[in-house]
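K.L.:
Have a peek at query16.cif (mmCIF, C-alpha atoms).
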```cif
data_final
loop_
_atom_site.label_atom_id
_atom_site.label_comp_id
_atom_site.auth_asym_id
_atom_site.auth_seq_id
_atom_site.Cartn_x
_atom_site.Cartn_y
_atom_site.Cartn_z
CA MET A 1 -29.99 -5.96 -54.75
CA GLU A 2 -29.80 -6.83 -51.07
CA ILE A 3 -31.15 -10.04 -49.59
CA VAL A 4 -32.21 -8.82 -46.16
CA LEU A 5 -33.17 -12.15 -44.67
CA THR A 6 -33.93 -15.73 -45.66
CA GLU A 7 -35.23 -18.10 -43.01
CA LEU A 8 -36.83 -21.51 -43.24
CA VAL A 9 -39.43 -22.49 -40.65
CA ALA A 10 -40.35 -26.16 -40.33
CA VAL A 11 -44.12 -26.24 -39.77
CA THR A 12 -44.80 -29.23 -37.54
CA ASP A 13 -47.16 -27.98 -34.81
CA PRO A 14 -49.10 -24.84 -33.79
CA SER A 15 -45.99 -23.24 -32.27
CA SER A 16 -44.42 -23.25 -35.75
CA VAL A 17 -47.15 -20.89 -36.92
CA GLY A 18 -46.11 -18.41 -34.24
CA LYS A 19 -42.48 -18.71 -35.27
CA ALA A 20 -43.34 -17.99 -38.92
CA ARG A 21 -45.21 -14.88 -37.79
CA ARG A 22 -42.22 -13.66 -35.74
CA VAL A 23 -39.82 -14.24 -38.63
CA ALA A 24 -42.12 -12.25 -40.94
CA LEU A 25 -42.22 -9.35 -38.44
CA LEU A 26 -38.42 -9.35 -38.19
CA THR A 27 -38.15 -9.37 -41.98
CA ALA A 28 -40.57 -6.44 -42.23
CA GLN A 29 -38.48 -4.47 -39.74
CA ARG A 30 -35.27 -5.12 -41.65
CA LEU A 31 -36.95 -4.12 -44.89
CA GLY A 32 -38.09 -0.85 -43.33
CA LEU A 33 -41.79 -1.53 -43.89
CA ASP A 34 -44.24 0.63 -41.96
CA GLN A 35 -46.33 -0.72 -39.07
CA THR A 36 -49.33 -1.51 -41.26
CA GLN A 37 -47.29 -3.44 -43.83
CA ALA A 38 -45.40 -5.27 -41.09
CA GLY A 39 -48.69 -6.42 -39.61
CA GLU A 40 -49.91 -7.52 -43.04
CA LEU A 41 -46.76 -9.52 -43.74
CA ALA A 42 -47.09 -11.19 -40.33
CA LEU A 43 -50.72 -12.02 -41.07
CA LEU A 44 -49.79 -13.53 -44.43
CA ALA A 45 -47.15 -15.69 -42.73
CA THR A 46 -49.66 -16.77 -40.10
CA GLU A 47 -52.34 -17.74 -42.60
CA VAL A 48 -50.07 -19.55 -45.04
CA SER A 49 -48.26 -21.53 -42.33
CA ARG A 50 -51.57 -22.47 -40.69
CA ASN A 51 -52.75 -23.80 -44.05
CA VAL A 52 -49.57 -25.86 -44.36
CA LEU A 53 -50.20 -27.36 -40.94
CA VAL A 54 -53.97 -27.95 -41.19
CA HIS A 55 -54.41 -28.84 -44.85
CA GLY A 56 -50.95 -30.10 -45.80
CA GLY A 57 -50.17 -32.08 -42.67
CA GLY A 58 -47.06 -29.97 -42.08
CA GLY A 59 -44.28 -28.73 -44.31
CA GLU A 60 -42.02 -25.71 -44.58
CA VAL A 61 -42.38 -21.94 -44.86
CA ILE A 62 -39.55 -19.78 -46.18
CA VAL A 63 -39.57 -16.03 -45.54
CA ILE A 64 -37.36 -13.90 -47.81
CA GLY A 65 -36.75 -10.16 -47.72
CA LEU A 66 -35.46 -8.35 -50.84
CA LYS A 67 -34.50 -4.69 -51.02
CA ARG A 68 -32.94 -2.27 -53.48
CA ASP A 69 -33.00 1.51 -53.13
CA ASP A 70 -36.55 2.47 -52.11
CA LYS A 71 -38.15 -0.81 -53.18
CA ALA A 72 -38.67 -3.61 -50.66
CA LEU A 73 -40.45 -6.93 -51.03
CA GLY A 74 -41.41 -9.53 -48.47
CA ARG A 75 -41.75 -12.97 -50.08
CA ILE A 76 -43.25 -16.00 -48.32
CA LEU A 77 -43.08 -19.45 -49.83
CA ALA A 78 -45.10 -22.25 -48.24
CA MET A 79 -44.57 -25.89 -49.23
CA ASP A 80 -46.28 -29.11 -48.20
CA ARG A 81 -46.73 -32.68 -49.42
CA GLY A 82 -50.44 -32.89 -48.65
CA PRO A 83 -53.27 -34.05 -50.92
CA GLY A 84 -53.38 -30.79 -52.86
CA ILE A 85 -56.24 -28.36 -53.50
CA SER A 86 -58.90 -29.91 -55.71
CA ASP A 87 -60.52 -26.60 -56.72
CA VAL A 88 -58.26 -23.55 -56.35
CA ALA A 89 -60.90 -21.06 -57.51
CA LYS A 90 -63.39 -22.34 -54.95
CA ALA A 91 -60.74 -22.36 -52.22
CA MET A 92 -60.10 -18.66 -52.89
CA THR A 93 -63.67 -17.70 -51.98
CA ASP A 94 -64.39 -16.40 -48.50
CA GLY A 95 -66.01 -18.91 -46.18
CA PHE A 96 -64.77 -21.99 -48.01
CA SER A 97 -63.09 -24.59 -45.79
CA THR A 98 -62.39 -28.30 -45.85
CA ALA A 99 -61.08 -28.47 -42.29
CA GLY A 100 -63.82 -26.90 -40.20
CA THR A 101 -62.02 -23.53 -39.97
CA PRO A 102 -63.65 -20.14 -40.74
CA GLY A 103 -62.36 -20.37 -44.30
CA GLY A 104 -61.00 -16.83 -44.63
CA GLY A 105 -57.39 -17.82 -45.36
CA LEU A 106 -56.74 -17.76 -49.12
CA GLY A 107 -59.37 -15.12 -49.82
CA ALA A 108 -57.96 -12.83 -47.14
CA MET A 109 -54.41 -13.39 -48.38
CA LYS A 110 -55.42 -12.47 -51.93
CA ARG A 111 -56.81 -9.13 -50.76
CA ILE A 112 -53.76 -8.26 -48.66
CA ALA A 113 -50.90 -9.55 -50.80
CA SER A 114 -49.42 -7.70 -53.76
CA GLY A 115 -48.92 -11.10 -55.37
CA LEU A 116 -50.30 -14.59 -54.75
CA GLU A 117 -49.74 -17.76 -56.76
CA ILE A 118 -50.61 -21.40 -56.03
CA PHE A 119 -49.22 -24.56 -57.61
CA THR A 120 -50.97 -27.69 -56.40
CA GLY A 121 -51.29 -31.35 -57.31
CA ARG A 122 -51.16 -34.85 -55.92
CA THR A 123 -47.59 -34.35 -54.69
CA GLY A 124 -48.53 -31.35 -52.56
CA THR A 125 -48.98 -27.59 -52.72
CA VAL A 126 -46.63 -24.62 -53.05
CA VAL A 127 -48.03 -21.17 -52.26
CA LEU A 128 -46.23 -17.90 -53.00
CA VAL A 129 -47.37 -14.65 -51.37
CA GLU A 130 -45.61 -11.31 -51.74
CA LEU A 131 -46.05 -7.91 -50.14
CA GLY A 132 -44.39 -4.67 -51.20
CA LYS A 133 -42.62 -3.35 -54.28
CA ASP A 134 -40.57 -5.82 -56.28
CA PRO A 135 -36.95 -4.58 -56.66
CA ASN A 136 -36.86 -6.75 -59.75
CA ALA A 137 -39.71 -5.01 -61.59
CA ASN A 138 -37.68 -4.42 -64.75
CA GLY A 139 -36.19 -7.10 -66.96
CA LEU A 140 -36.30 -10.82 -66.22
CA GLN A 141 -38.02 -12.53 -63.29
CA ILE A 142 -35.56 -13.94 -60.77
CA ALA A 143 -36.06 -15.88 -57.56
CA GLY A 144 -33.48 -17.53 -55.34
CA ILE A 145 -33.57 -19.58 -52.16
CA ALA A 146 -30.65 -20.54 -49.93
CA VAL A 147 -31.26 -22.57 -46.77
CA PRO A 148 -28.74 -23.95 -44.27
CA TYR A 149 -27.80 -27.44 -43.26
CA PRO A 150 -30.46 -28.57 -40.75
CA GLY A 151 -29.52 -27.24 -37.33
CA GLU A 152 -27.07 -24.59 -38.55
CA GLN A 153 -27.65 -20.91 -37.81
CA VAL A 154 -25.94 -19.64 -40.97
CA CYS A 155 -25.99 -20.79 -44.59
CA GLY A 156 -22.87 -21.61 -46.59
CA ASP A 157 -24.79 -21.19 -49.85
CA ALA A 158 -25.70 -17.78 -51.25
CA TRP A 159 -27.02 -16.13 -54.40
CA ALA A 160 -27.13 -12.67 -55.92
CA TYR A 161 -28.17 -10.88 -59.06
CA HIS A 162 -28.10 -7.56 -60.87
CA ASN A 163 -30.99 -6.93 -63.23
CA SER A 164 -31.71 -4.43 -65.97
CA PRO A 165 -33.74 -4.62 -69.19
CA GLU A 166 -30.55 -5.02 -71.21
CA ARG A 167 -28.42 -7.32 -69.06
CA THR A 168 -28.98 -9.64 -66.12
CA MET A 169 -26.17 -11.13 -64.06
CA THR A 170 -26.92 -13.98 -61.65
CA MET A 171 -24.59 -15.82 -59.27
CA ILE A 172 -24.92 -18.88 -57.06
CA VAL A 173 -22.15 -19.90 -54.67
CA ASP A 174 -21.59 -22.82 -52.32
CA GLY A 175 -18.92 -22.40 -49.64
CA LEU A 176 -17.13 -25.65 -48.90
CA GLY A 177 -18.75 -27.59 -46.08
CA HIS A 178 -21.26 -25.72 -43.96
CA GLY A 179 -21.37 -23.39 -40.98
CA TRP A 180 -19.57 -20.09 -40.40
CA ALA A 181 -16.46 -20.81 -42.48
CA ALA A 182 -18.56 -21.79 -45.49
CA ALA A 183 -20.77 -18.71 -45.04
CA GLU A 184 -17.68 -16.48 -44.87
CA ALA A 185 -16.44 -17.81 -48.22
CA ALA A 186 -19.88 -17.41 -49.82
CA HIS A 187 -20.25 -13.82 -48.59
CA GLU A 188 -16.79 -12.92 -49.90
CA ALA A 189 -17.72 -14.34 -53.29
CA ILE A 190 -20.98 -12.36 -53.39
CA ALA A 191 -19.17 -9.14 -52.44
CA THR A 192 -16.69 -9.68 -55.27
CA PHE A 193 -19.55 -10.36 -57.69
CA HIS A 194 -21.17 -7.01 -56.85
CA ALA A 195 -17.84 -5.19 -57.13
CA ARG A 196 -17.12 -6.63 -60.60
CA LEU A 197 -20.53 -6.51 -62.26
CA LYS A 198 -19.22 -4.85 -65.41
CA SER A 199 -16.97 -7.85 -66.11
CA THR A 200 -17.87 -11.08 -67.93
CA PRO A 201 -18.86 -14.24 -65.99
CA GLU A 202 -15.45 -15.86 -66.45
CA GLU A 203 -13.65 -12.67 -65.42
CA ILE A 204 -15.76 -12.36 -62.28
CA LEU A 205 -15.00 -15.97 -61.33
CA SER A 206 -11.29 -15.23 -61.74
CA TYR A 207 -11.62 -12.30 -59.35
CA VAL A 208 -13.56 -14.52 -56.94
CA HIS A 209 -10.84 -17.16 -57.16
CA ASP A 210 -8.27 -14.61 -55.98
CA ALA A 211 -10.53 -13.16 -53.28
CA LEU A 212 -11.27 -16.57 -51.75
CA ARG A 213 -7.65 -17.61 -51.21
CA LYS A 214 -7.94 -16.35 -47.62
CA THR A 215 -11.06 -18.47 -47.03
CA ARG A 216 -12.07 -22.12 -47.06
CA GLY A 217 -13.00 -21.77 -50.73
CA ALA A 218 -16.20 -22.28 -52.70
CA VAL A 219 -17.75 -23.46 -55.95
CA ALA A 220 -19.86 -21.07 -57.99
CA GLY A 221 -21.66 -20.39 -61.24
CA ILE A 222 -22.44 -17.09 -62.97
CA ALA A 223 -24.87 -16.50 -65.82
CA GLU A 224 -25.12 -13.38 -67.99
CA ILE A 225 -28.34 -12.97 -69.97
CA ARG A 226 -29.00 -10.33 -72.62
CA PRO A 227 -32.66 -10.99 -73.45
CA THR A 228 -33.08 -8.38 -76.19
CA GLU A 229 -30.03 -9.82 -78.00
CA ARG A 230 -31.15 -13.39 -77.24
CA LYS A 231 -27.72 -14.19 -75.83
CA MET A 232 -26.60 -15.99 -72.70
CA ALA A 233 -23.19 -16.88 -71.22
CA PHE A 234 -22.49 -19.23 -68.32
CA ALA A 235 -19.29 -19.99 -66.44
CA GLY A 236 -18.97 -22.33 -63.48
CA VAL A 237 -16.30 -23.87 -61.28
CA GLY A 238 -17.06 -26.91 -59.15
CA ASN A 239 -20.19 -28.90 -58.45
CA ILE A 240 -22.85 -26.43 -59.58
CA GLY A 241 -25.96 -27.61 -61.41
CA ALA A 242 -27.04 -25.47 -64.36
CA VAL A 243 -29.85 -26.30 -66.77
CA LEU A 244 -31.36 -24.21 -69.57
CA LEU A 245 -34.94 -25.20 -70.32
CA THR A 246 -37.55 -24.43 -72.95
CA PRO A 247 -40.92 -26.16 -73.35
CA SER A 248 -39.30 -28.51 -75.88
CA ARG A 249 -35.70 -28.88 -74.69
CA SER A 250 -33.48 -29.33 -71.65
CA GLN A 251 -29.76 -28.52 -71.87
CA SER A 252 -27.26 -29.09 -69.05
CA LEU A 253 -24.47 -26.51 -68.83
CA VAL A 254 -20.85 -27.31 -68.00
CA SER A 255 -19.20 -26.25 -64.77
CA HIS A 256 -15.50 -27.15 -64.78
CA ASN A 257 -13.86 -29.07 -61.94
CA GLY A 258 -12.12 -27.06 -59.26
CA THR A 259 -12.48 -24.98 -56.12
CA LEU A 260 -12.37 -21.20 -56.18
CA GLY A 261 -9.69 -20.00 -53.80
CA SER A 262 -7.70 -23.23 -54.18
CA ILE A 263 -7.50 -24.93 -57.58
CA ALA A 264 -9.34 -23.60 -60.62
CA SER A 265 -7.24 -24.59 -63.61
CA ARG A 266 -9.93 -23.77 -66.16
CA ILE A 267 -12.46 -20.95 -66.00
CA GLN A 268 -14.43 -20.83 -69.23
CA ALA A 269 -17.68 -19.28 -70.40
CA PHE A 270 -20.11 -21.11 -72.66
CA HIS A 271 -22.33 -19.07 -74.96
CA LEU A 272 -25.89 -20.06 -75.78
CA GLU A 273 -29.09 -18.68 -77.26
CA TRP A 274 -31.61 -17.17 -74.84
CA GLN A 275 -35.15 -17.53 -76.11
CA PRO A 276 -38.25 -15.64 -74.85
CA ASP A 277 -39.53 -18.88 -73.28
CA SER A 278 -36.19 -19.95 -71.77
CA VAL A 279 -35.90 -20.84 -68.08
CA LEU A 280 -32.51 -21.05 -66.36
CA ILE A 281 -32.11 -23.09 -63.19
CA LEU A 282 -28.92 -22.97 -61.12
CA HIS A 283 -28.46 -25.00 -57.95
CA SER A 284 -25.85 -26.24 -55.52
CA ASP A 285 -25.22 -29.91 -54.75
CA GLY A 286 -27.64 -29.49 -51.83
CA LEU A 287 -30.22 -30.44 -54.46
CA GLN A 288 -30.25 -33.81 -56.18
CA THR A 289 -29.75 -33.73 -59.94
CA ARG A 290 -32.42 -36.25 -60.93
CA TRP A 291 -35.28 -33.74 -61.13
CA ASP A 292 -37.32 -33.35 -64.28
CA LEU A 293 -39.84 -30.51 -64.61
CA ALA A 294 -41.70 -32.55 -67.24
CA ASN A 295 -43.10 -34.51 -64.30
CA TYR A 296 -44.89 -31.36 -63.06
CA ALA A 297 -47.56 -30.31 -65.53
CA GLY A 298 -47.59 -26.54 -65.94
CA LEU A 299 -44.74 -25.81 -63.52
CA LEU A 300 -42.43 -24.37 -66.19
CA SER A 301 -44.87 -21.50 -66.78
CA ARG A 302 -45.06 -20.53 -63.09
CA HIS A 303 -43.27 -17.84 -61.10
CA PRO A 304 -39.57 -18.63 -60.57
CA ALA A 305 -40.11 -18.83 -56.80
CA ILE A 306 -42.76 -21.53 -57.31
CA ILE A 307 -40.37 -23.51 -59.52
CA GLY A 308 -37.49 -23.17 -57.06
CA GLY A 309 -39.67 -24.00 -54.07
CA THR A 310 -41.00 -27.15 -55.71
CA LEU A 311 -37.48 -28.36 -56.49
CA LEU A 312 -36.30 -27.58 -52.97
CA ARG A 313 -39.27 -29.40 -51.43
CA ASP A 314 -38.87 -32.56 -53.51
CA PHE A 315 -35.11 -32.85 -54.15
CA ARG A 316 -33.29 -31.23 -51.23
CA ARG A 317 -30.57 -33.29 -49.59
CA GLN A 318 -30.79 -33.00 -45.81
CA ARG A 319 -27.05 -33.30 -45.23
CA ASP A 320 -25.86 -29.97 -46.65
CA ASP A 321 -26.78 -26.35 -47.31
CA ALA A 322 -29.00 -26.02 -50.37
CA SER A 323 -29.68 -23.26 -52.88
CA VAL A 324 -31.55 -22.80 -56.14
CA VAL A 325 -31.98 -19.81 -58.44
CA VAL A 326 -34.51 -19.61 -61.27
CA VAL A 327 -34.50 -16.99 -64.06
CA LYS A 328 -37.15 -16.57 -66.74
CA ALA A 329 -39.02 -13.98 -68.77
CA ALA A 330 -41.54 -11.85 -66.90
#
```
Take the structure I supplied and represent it as structure tokens, if you would.
P.N.:
Amino acid sequence: MEIVLTELVAVTDPSSVGKARRVALLTAQRLGLDQTQAGELALLATEVSRNVLVHGGGGEVIVIGLKRDDKALGRILAMDRGPGISDVAKAMTDGFSTAGTPGGGLGAMKRIASGLEIFTGRTGTVVLVELGKDPNANGLQIAGIAVPYPGEQVCGDAWAYHNSPERTMTMIVDGLGHGWAAAEAAHEAIATFHARLKSTPEEILSYVHDALRKTRGAVAGIAEIRPTERKMAFAGVGNIGAVLLTPSRSQSLVSHNGTLGSIASRIQAFHLEWQPDSVLILHSDGLQTRWDLANYAGLLSRHPAIIGGTLLRDFRRQRDDASVVVVKAA
């Protein structure tokens, strides 16, 4: 799986809408989408960012491009802290508007997008729109987001996965600090992950530890899930948040102290049961740890991108790179 592009656009004024559109066009080009699909992805970015500005009072739009073999997916996540949508079904009908606009936004997006999902409440709204073929069509649902320290051009956090019906491997990595040196360490870790996919999580982290000796270093976590066997293993080194959730239980997973590439005295995997309703959330220390999905009615059942976007919106620290990965059953 290749992450072609991830870019966050702060939606603060009408010019932000134009920027979101340009980012979507660039993503479409990098994904190899045809001219029609590129125009559709740009239109989706325009409509969703305009809604954030007009109805949400501003917020953020994240454009993500995913590609593997001949499958490419443009994913747009829009987040605001506005009053929410009181009647989603009504808002999806053509001609409906609460802001004096033509009211074609959500209805038009639904017709164009290959996937659209809305999570809304008193704390704001998160909208997910997708266009294309999901490279992750088989096995578990996975969504990740990595955004840079405000003002930086590159992100020192990164994530990756390899998915099949039998076995899913997921990695999150946080290069020390931020900027180019942190990004270099994160990219080296991801490359090692892809090269060692047949190994166990703890073995991969050992390989990463050796590979990062020439870099600034990083912290990372790797999860292996075998859904048909109902088995999961997790290994982490450094300040990585990892929580396994079900509708009735929340379990924090252990990531041992250390820095890959420098000092990692203990690399150990922990083995757990993976249930059909399990949800795994991994995140860097760019997110606060005091979140509780029980405070968001119905969020646990939503698309992983909606879950990750909500956490990023409400618990992101503004003084570091930030990343979150969510894995759950399709």
K.L.:
Which residues are close to range 179-185 of chain A, i.e. within 7 Å by only C-alpha atoms, leaving aside same-chain residues fewer than 2 positions away? Reply as JSON, numbers by chain.
P.N.:
{"A": [152, 154, 155, 156, 157, 175, 176, 177, 187, 188, 189, 212, 215, 216, 217, 218]}
K.L.:
Would you mind listing what lies within 10 Å of Gln275 in chain A as a VMD selection string, with all atoms listed in the file counted and same-chain residues fewer than 3 positions away left out?
P.N.:
chain A and resid 227 to 232 245 to 246 272 278 to 279 328 to 329
K.L.:
Quick check on the file I pasted: which residues fall under the PyMOL selection byres ((chain A and resi 330) around 10)? Write them as JSON, numbers by chain.
P.N.:
{"A": [136, 137, 138, 139, 140, 141, 142, 276, 277, 303, 304, 327, 328, 329]}
K.L.:
What is the distance, in Å and to one decimal place, between CA of Ser86 in chain A and CA of Ala113 in chain A?
P.N.:
22.4 Å
K.L.:
I'd like the contact shell of Leu66 in chain A - 9 Å cut-off, all atoms listed in the file, skipping same-chain residues fewer than 2 positions apart - returned as a list in words.
P.N.:
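Residues meeting the cut-off are Met1, Glu2, Ile3, Val4, Leu5, Leu31, Ile64, Arg68, Lys71, Ala72, Leu73, Gly74, Arg75, Asp134 and Pro135 of chain A.
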K.L.:
Residues picked by the PyMOL selection byres ((chain A and resi 76-79) around 7) here, as a list in words?
P.N.:
Ala45, Val48, Ser49, Val52, Gly59, Glu60, Val61, Ile62, Val63, Ile64, Gly74, Arg75, Asp80, Thr125, Val126, Val127, Leu128, Val129, Glu130 and Arg313 of chain A
K.L.:
At what distance in Å, to one decimal, does CA of Thr46 in chain A lie from CA of Arg21 in chain A?
P.N.:
5.4 Å
K.L.:
What is the CA of Glu7 in chain A-CA of Val147 in chain A distance in Å, reported with one decimal?
P.N.:
7.1 Å
K.L.:
Run the PyMOL selection byres ((chain A and resi 247-254) around 8) against the file shown and list the residues it catches, as a list in words.
P.N.:
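Listing what the PyMOL selection byres ((chain A and resi 247-254) around 8) selects in the shown file: Phe234, Ala235, Gly236, Gly241, Ala242, Val243, Leu244, Leu245, Thr246, Ser255, His256, Phe270, Asp277, Ser278 and Leu300 of chain A.
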K.L.:
Any chance you can output those residues with C-alpha atoms as a CSV table (one decimal), in the frame of the given file?
P.N.:
```csv
chain,number,residue,atom,x,y,z
A,234,PHE,CA,-22.5,-19.2,-68.3
A,235,ALA,CA,-19.3,-20.0,-66.4
A,236,GLY,CA,-19.0,-22.3,-63.5
A,241,GLY,CA,-26.0,-27.6,-61.4
A,242,ALA,CA,-27.0,-25.5,-64.4
A,243,VAL,CA,-29.8,-26.3,-66.8
A,244,LEU,CA,-31.4,-24.2,-69.6
A,245,LEU,CA,-34.9,-25.2,-70.3
A,246,THR,CA,-37.6,-24.4,-73.0
A,255,SER,CA,-19.2,-26.2,-64.8
A,256,HIS,CA,-15.5,-27.2,-64.8
A,270,PHE,CA,-20.1,-21.1,-72.7
A,277,ASP,CA,-39.5,-18.9,-73.3
A,278,SER,CA,-36.2,-20.0,-71.8
A,300,LEU,CA,-42.4,-24.4,-66.2
```
K.L.:
Could you tell me which of A:Asp69, A:Asp34, A:Asp13, A:Glu117 comes closest to Ala89 in chain A if we count only C-alpha atoms?
P.N.:
A:Glu117
K.L.:
Compare A:Gly57, A:Trp159, A:Arg50, A:Ala108 by their minimum atom-to-atom distance to Ala146 in chain A, counting only C-alpha atoms, and give me the closest one.
P.N.:
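Of all the options, A:Trp159 lies closest to Ala146 in chain A.
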K.L.:
So which residues touch range 40-43 of chain A within 8 Å, counting only C-alpha atoms, skipping near sequence neighbours fewer than 2 positions away, as a VMD selection string?
P.N.:
chain A and resid 20 to 22 24 to 25 28 36 to 38 45 to 47 74 112 131
K.L.:
When distances are computed from all atoms listed in the file, which of A:His283, A:His271, A:Arg266, A:Lys214 shows the smallest separation from Thr200 in chain A?
P.N.:
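Closest to Thr200 in chain A of all the choices is A:His271.
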K.L.:
With all atoms listed in the file as the basis for distance, which of A:Met92, A:Val11, A:Ala211, A:Ala186 is at the shortest distance from Val54 in chain A?
P.N.:
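Nearest candidate to Val54 in chain A out of A:Met92, A:Val11, A:Ala211, A:Ala186: A:Val11.
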K.L.:
Which residue is closest to Ile118 in chain A? Choose from A:Lys67, A:Asp210, A:Val237, A:Asp87 and count only C-alpha atoms.
P.N.:
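Residue with the minimum atom-to-atom distance to Ile118 in chain A: A:Asp87.
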K.L.:
Using only C-alpha atoms, find the one residue out of A:Val324, A:Ser284, A:Leu26, A:Pro83 that sits nearest to Ile307 in chain A.
P.N.:
A:Val324
